[in-house]
Amino acid sequence: MSDRFNSRLGVYLCALLGGLTVVTLSMRQMGGGAIQTLPLVPLPAHIEQRHGHFLMDAHTRLLVDDAARGTGEYLADRLRQSTGYPLPISASATNPAGGCILLTTNQAPASLGPEGYTLSITPDSVVLRAPNAAGLFYGVQTLLQLFPPEVFASAPTNAAWRAPCLQIEDQPRFHWRGLMLDVSRHFFTKSEVEQVLEGMALHKLNMFHWHLTDDQGWRIEIKKYPRLTEVGAWRKRIGFNLDPKSSTAYGPDGRYGGFYTQDDIREVVAYAAARHITVVPEIEMPGHSSAALAAYPELSCSGGPYSTDSADDASAGVYCAGKEQTFEFLENVLTEVMALFPGPYIHIGGDEVPKLNWHDCPLCRARMQHEGLPNERELEAYFVRRINTFLQAHGRTLLGWSELGQSQNGLPENAMLMDWIGGARAAATAGHDVVRCPNDSCYFDLYQSRDRTHEPAAAGGDLPLSKVYAFEPILHGLDSASRQRIVGAQANLWTEYMPSLASVEYMEFPRMCALAEVVWSPEPLRNWQSFWTRLQVHLQRLDLLGIKHRRLGTPYEESIG
Ligand code: ACM
Ligand code: ZN
C-alpha cells in the first residue's frame, strides 16, 4: 500500500460519513433549475428552442473562415466517419447559400468571452460564431450532441441526421475545468493518454493535469538525467496487490513501467492543444520522490538506497533541502519541462512531506539555522519559495497542493493552490488563485457505489454520481474578490487501483459528465432529474465511442453514498 494511500485513509473515512447525507443534499441543492431534456452534457447557458430541424445530407457543405479551419476539420472528420458524407470544406466568412454549416469568428460579440459561442440552427443552415477558436470548438461539441447519438459511431451508420432548430448562447462558468491523471502508480501509453484527452474534449474540459512523477515511477524523459527513466520508470512488479495480467505495461525484461520520450510529450501536448486543452505537468517535490531518488540517491539526506518497489518506504522519498545539488538538479529538470510544456502552469506537488529525514540531517539543520527557519515546516516553505522564484523568473505560475498554504506565511507570491484537503478559503482571501478538488467530492479513485461485491477494488470511501453533481466549487461566505480567485475545479484520478485504460474510464465516467456540468453550466440550471434524463442518451454516445464507462444503477442507488 502506498504511503499516499495510507495517509488518505482518514479523509476517505470522512468521505464515507459525508456521503450519508447526500440524498437530502441532492434534493435540496439540485431541484432549482428548469428541466431541460435536450440531451446536452454539459448544459449550455441559454437555449431557445424553435420549431423544425436542420437535415444534414450528402450535399451538406462546411464553410469556415481562417480561424475556424482547424475546428472545421475536426468536425468534418467526426461527421464523415459516422455519416459517410463527403462534407467538403470551403473558405468563407459568410453563409452564401442554404444547406451549409458555417463556422466563423465573424460578427461574434466579444461579450461571449474567450471560450463562448453562439449556435443558430434553422431548417436552412447551422451558423456557429465565436470570438476565438476555443469557442468554436466548444460550439462544435454542442452541435455534435444535437444530432442523434450515432454521430459518434466510427463507421457509416444509417440515421436521420437531424438537429433541432434553436438558438444557443453559451460560455463556461469557470476557466479551470480539469482532470488529473496519475501515470506514476500505473503507466498509460501515449495513445491511451490521447484517448483520455478526447474524452475531456467531448465534455468541454480544458486543463489536463499530468501527474508524471511519484514514488512508484518517473515517467518523463529528462535528457540531462537519463537514470530518471532508465531506473526510475521501472519497478519489479505491478504492485498494489493487483493481478499482473490486469495491465500490459511491461518492458521486454518483464519489469513493470514505462515513460514518455520528449517526442511523445510534444505529441501529446499538440494533441491536447488541437482540443484547446492546456497540459499542466506535475513534477513532485520535495516528497513523493522515491523514483527520482532510486536513480540519484545522492539527492536525499541519507544517500539511500531508494526503490520504486518499496512503496511502504515512500515516506522517506524526500529530497534533501540542505544540499545545493538538490536545487541545481530540480532547476535543470524544470528547465527541460518548461521547454516541453508551453502552458503557463507548472505543478510541483508539495503534498504529504514527511519531515523526519530533514530533522535528522546535518545539512538540513544547517540550512534552517542559516535561513532562520524555526522548524521543518518552514524549511519546506523555503524549498517551495526557491522553486517559485525560479519558475516565476521563467514566466511560469507555480501550482501546489493544499499543504503549500500551511506555512506561517501562507503561499509564496503568485503561487496557485490546488485544494484537496482545505486551504481554499485562506488562499483565495489572500489573493491566490485556487483550483478546487476536495477529496470528498472530486477524488474519482473512491468507490462509486456501496456495493463492494460488484465494484472493482478502489480506494476507501464512497463518491456516488449524485455527490459529484451536488459539488459546489464556490465556498460559502467568500467576498466577491475572493470568489473570483476560485478559478474552477477538477477531478483527480489516482491510479493505484486503475492498471488499464478500461479501469480509468470506468472510474471516470459518468462522474466526469457530472463534474463537467458543475464547472461549465450556470449554477441555477443544475437539476439532478434533468441531468439523469440527459445522461441516458449521453451514455449511448460514450458506448459508441468505445468508452468503458460504469453502467448506471437506479436513480436511488446512484444517490446513496
Ligand atoms: C494528494 O492526494 N495527496 C494530493
Ligand atoms: Zn537533508
# chains A, B, ... in the order shown; residues from 1 in each chain; ligands from 1
>>> residues_near_ligand(ligand="ligand 2", cutoff="10 Å", atoms="only C-alpha atoms and all ligand atoms", output="list in words")
Leu299, Ser300, Cys301, Ser302, Gly303, Val318, Tyr319, Cys320, Ala321, Gly322, Lys323, Thr326, Lys355, Leu356, Asn357, Trp358, His359, Asp360, Cys361, Pro362, Leu363, Cys364, Arg365, Ala366 and Arg367 of chain A
>>> write_last_selection(atoms="N, CA, C and O atoms", output="compact mmCIF listing (two decimals), in the first residue's frame")
# COMPACT_ATOMS: atom_id res chain seq x y z
N LEU A 299 20.80 12.78 -3.89
CA LEU A 299 19.96 13.96 -3.67
C LEU A 299 19.10 13.83 -2.40
O LEU A 299 18.34 14.74 -2.07
N SER A 300 19.23 12.72 -1.70
CA SER A 300 18.49 12.54 -0.44
C SER A 300 19.38 12.94 0.73
O SER A 300 20.58 13.16 0.57
N CYS A 301 18.80 12.98 1.92
CA CYS A 301 19.59 13.30 3.11
C CYS A 301 20.55 12.16 3.44
O CYS A 301 21.71 12.38 3.75
N SER A 302 20.06 10.91 3.37
CA SER A 302 20.84 9.76 3.84
C SER A 302 21.76 9.19 2.78
O SER A 302 22.69 8.47 3.09
N GLY A 303 21.50 9.48 1.52
CA GLY A 303 22.26 8.86 0.43
C GLY A 303 21.65 7.55 -0.04
O GLY A 303 22.19 6.90 -0.93
N VAL A 318 12.21 11.86 0.07
CA VAL A 318 12.19 13.32 0.14
C VAL A 318 13.58 13.85 -0.24
O VAL A 318 14.58 13.34 0.26
N TYR A 319 13.62 14.84 -1.12
CA TYR A 319 14.91 15.45 -1.47
C TYR A 319 15.50 16.14 -0.24
O TYR A 319 14.76 16.72 0.57
N CYS A 320 16.82 16.16 -0.14
CA CYS A 320 17.48 16.91 0.93
C CYS A 320 17.34 18.40 0.64
O CYS A 320 17.68 18.86 -0.46
N ALA A 321 16.84 19.12 1.64
CA ALA A 321 16.65 20.57 1.44
C ALA A 321 17.90 21.35 1.83
O ALA A 321 17.94 22.57 1.67
N GLY A 322 18.90 20.63 2.32
CA GLY A 322 20.13 21.31 2.73
C GLY A 322 21.18 21.36 1.63
O GLY A 322 22.10 22.18 1.67
N LYS A 323 21.05 20.49 0.62
CA LYS A 323 22.07 20.40 -0.43
C LYS A 323 21.75 21.34 -1.59
O LYS A 323 20.65 21.27 -2.16
N THR A 326 20.51 19.59 -4.80
CA THR A 326 19.09 19.29 -5.00
C THR A 326 18.44 20.37 -5.87
O THR A 326 17.70 20.07 -6.83
N LYS A 355 8.83 14.83 7.58
CA LYS A 355 9.95 15.72 7.91
C LYS A 355 11.06 15.03 8.70
O LYS A 355 12.03 15.68 9.10
N LEU A 356 10.90 13.72 8.91
CA LEU A 356 11.85 13.00 9.77
C LEU A 356 13.29 13.07 9.24
O LEU A 356 14.23 13.33 9.99
N ASN A 357 13.46 12.83 7.94
CA ASN A 357 14.81 12.87 7.36
C ASN A 357 15.46 14.22 7.59
O ASN A 357 16.64 14.32 7.91
N TRP A 358 14.69 15.26 7.34
CA TRP A 358 15.21 16.63 7.48
C TRP A 358 15.62 16.89 8.93
O TRP A 358 16.63 17.53 9.18
N HIS A 359 14.80 16.39 9.85
CA HIS A 359 15.08 16.62 11.27
C HIS A 359 16.44 16.03 11.65
O HIS A 359 17.18 16.61 12.45
N ASP A 360 16.76 14.87 11.05
CA ASP A 360 17.99 14.17 11.42
C ASP A 360 19.20 14.54 10.55
O ASP A 360 20.29 13.99 10.74
N CYS A 361 19.03 15.43 9.58
CA CYS A 361 20.10 15.68 8.60
C CYS A 361 20.89 16.94 8.96
O CYS A 361 20.32 18.03 9.07
N PRO A 362 22.21 16.80 9.12
CA PRO A 362 23.02 17.98 9.48
C PRO A 362 22.93 19.10 8.43
O PRO A 362 22.90 20.28 8.79
N LEU A 363 22.85 18.73 7.17
CA LEU A 363 22.79 19.78 6.14
C LEU A 363 21.45 20.52 6.18
O LEU A 363 21.39 21.73 6.00
N CYS A 364 20.38 19.78 6.41
CA CYS A 364 19.06 20.43 6.52
C CYS A 364 19.02 21.33 7.76
O CYS A 364 18.48 22.44 7.72
N ARG A 365 19.63 20.86 8.84
CA ARG A 365 19.63 21.66 10.07
C ARG A 365 20.48 22.93 9.87
O ARG A 365 20.11 24.01 10.33
N ALA A 366 21.58 22.77 9.16
CA ALA A 366 22.42 23.95 8.89
C ALA A 366 21.65 24.96 8.04
O ALA A 366 21.72 26.17 8.26
N ARG A 367 20.89 24.45 7.07
CA ARG A 367 20.08 25.34 6.23
C ARG A 367 19.07 26.10 7.08
O ARG A 367 18.88 27.31 6.92
>>> select_by_dssp(residues="segment 356-560 of chain A", states="strand (DSSP E or B)", output="short mmCIF file (atom, residue, chain, number, x, y, z; two decimals) with N, CA and C atoms, in the first residue's frame")
data_model
loop_
_atom_site.label_atom_id
_atom_site.label_comp_id
_atom_site.auth_asym_id
_atom_site.auth_seq_id
_atom_site.Cartn_x
_atom_site.Cartn_y
_atom_site.Cartn_z
N THR A 397 3.70 30.03 -13.68
CA THR A 397 3.00 30.07 -12.40
C THR A 397 3.11 28.71 -11.72
N LEU A 398 3.54 28.76 -10.45
CA LEU A 398 3.66 27.52 -9.67
C LEU A 398 2.31 27.15 -9.08
N LEU A 399 2.01 25.86 -9.18
CA LEU A 399 0.81 25.30 -8.55
C LEU A 399 1.25 24.25 -7.56
N GLY A 400 0.55 24.16 -6.43
CA GLY A 400 0.87 23.09 -5.48
C GLY A 400 -0.35 22.71 -4.68
N TRP A 401 -0.25 21.55 -4.03
CA TRP A 401 -1.37 21.01 -3.26
C TRP A 401 -1.60 21.82 -1.97
N MET A 416 -0.35 29.29 -7.04
CA MET A 416 -1.75 28.83 -7.04
C MET A 416 -1.90 27.61 -6.16
N LEU A 417 -3.04 27.50 -5.53
CA LEU A 417 -3.30 26.36 -4.64
C LEU A 417 -4.27 25.38 -5.29
N MET A 418 -3.96 24.09 -5.14
CA MET A 418 -4.88 23.05 -5.56
C MET A 418 -5.40 22.39 -4.28
N ASP A 419 -6.66 22.66 -3.99
CA ASP A 419 -7.23 22.29 -2.68
C ASP A 419 -7.75 20.86 -2.69
N VAL A 434 -7.20 29.59 -6.90
CA VAL A 434 -7.41 28.28 -6.27
C VAL A 434 -8.19 27.38 -7.23
N VAL A 435 -7.71 26.14 -7.36
CA VAL A 435 -8.47 25.09 -8.06
C VAL A 435 -9.03 24.16 -7.00
N ARG A 436 -10.32 23.91 -7.06
CA ARG A 436 -10.94 23.05 -6.05
C ARG A 436 -10.97 21.59 -6.53
N TYR A 443 -12.39 13.14 -5.85
CA TYR A 443 -11.43 12.04 -5.95
C TYR A 443 -12.12 10.84 -6.59
N LEU A 446 -12.30 6.98 -5.43
CA LEU A 446 -13.23 6.44 -4.44
C LEU A 446 -14.27 5.56 -5.13
N TYR A 447 -14.90 4.69 -4.34
CA TYR A 447 -15.95 3.82 -4.88
C TYR A 447 -17.13 4.63 -5.38
N ALA A 459 -9.96 2.87 -3.88
CA ALA A 459 -9.53 3.47 -2.63
C ALA A 459 -10.76 3.54 -1.71
N GLY A 460 -10.54 3.58 -0.41
CA GLY A 460 -11.67 3.55 0.54
C GLY A 460 -12.57 4.75 0.38
N GLY A 461 -13.82 4.61 0.85
CA GLY A 461 -14.76 5.72 0.80
C GLY A 461 -15.62 5.69 -0.44
N ASP A 462 -16.72 6.47 -0.38
CA ASP A 462 -17.70 6.46 -1.47
C ASP A 462 -17.83 7.84 -2.09
N ILE A 486 -11.48 31.66 -7.08
CA ILE A 486 -11.79 30.23 -7.27
C ILE A 486 -11.93 30.05 -8.78
N VAL A 487 -10.87 29.56 -9.40
CA VAL A 487 -10.87 29.55 -10.87
C VAL A 487 -11.56 28.33 -11.45
N GLY A 488 -11.90 27.36 -10.62
CA GLY A 488 -12.60 26.19 -11.13
C GLY A 488 -12.33 24.96 -10.30
N ALA A 489 -12.49 23.82 -10.94
CA ALA A 489 -12.37 22.55 -10.21
C ALA A 489 -11.87 21.48 -11.16
N GLN A 490 -11.46 20.37 -10.57
CA GLN A 490 -11.03 19.24 -11.40
C GLN A 490 -11.27 17.93 -10.66
N ALA A 491 -11.30 16.86 -11.44
CA ALA A 491 -11.37 15.51 -10.87
C ALA A 491 -9.96 14.95 -10.82
N ASN A 492 -9.68 14.14 -9.81
CA ASN A 492 -8.37 13.51 -9.69
C ASN A 492 -8.49 12.00 -9.81
N LEU A 493 -7.73 11.46 -10.75
CA LEU A 493 -7.70 10.01 -10.96
C LEU A 493 -6.35 9.49 -10.49
#
>>> atom_distance(atom1="atom CA of Thr533 of chain A", atom2="atom CA of Pro149 of chain A")
14.3 Å
>>> residues_near_ligand(ligand="ligand 1", cutoff="9 Å", atoms="only C-alpha atoms and all ligand atoms", output="VMD selection string")
chain A and resid 4 to 5 7 to 8 349 to 352 400 to 403 418 to 421 439 443 492 494
>>> residues_around(residues="Ala249 of chain A", least_positions_apart="6", cutoff="8 Å", atoms="only C-alpha atoms", output="list in words")
His186, Phe187, Phe188, Tyr256, Gly257 and Gly258 of chain A
>>> atom_distance(atom1="atom CA of Asp243 of chain A", atom2="atom CA of Glu505 of chain A")
18.5 Å
>>> residues_around(residues="segment 543-560 of chain A", least_positions_apart="2", cutoff="9 Å", atoms="only C-alpha atoms", output="PyMOL selection string")
chain A and resi 19-23+26+149-154+195+199+448-450+464-467+501-510+529+532+536+538-541
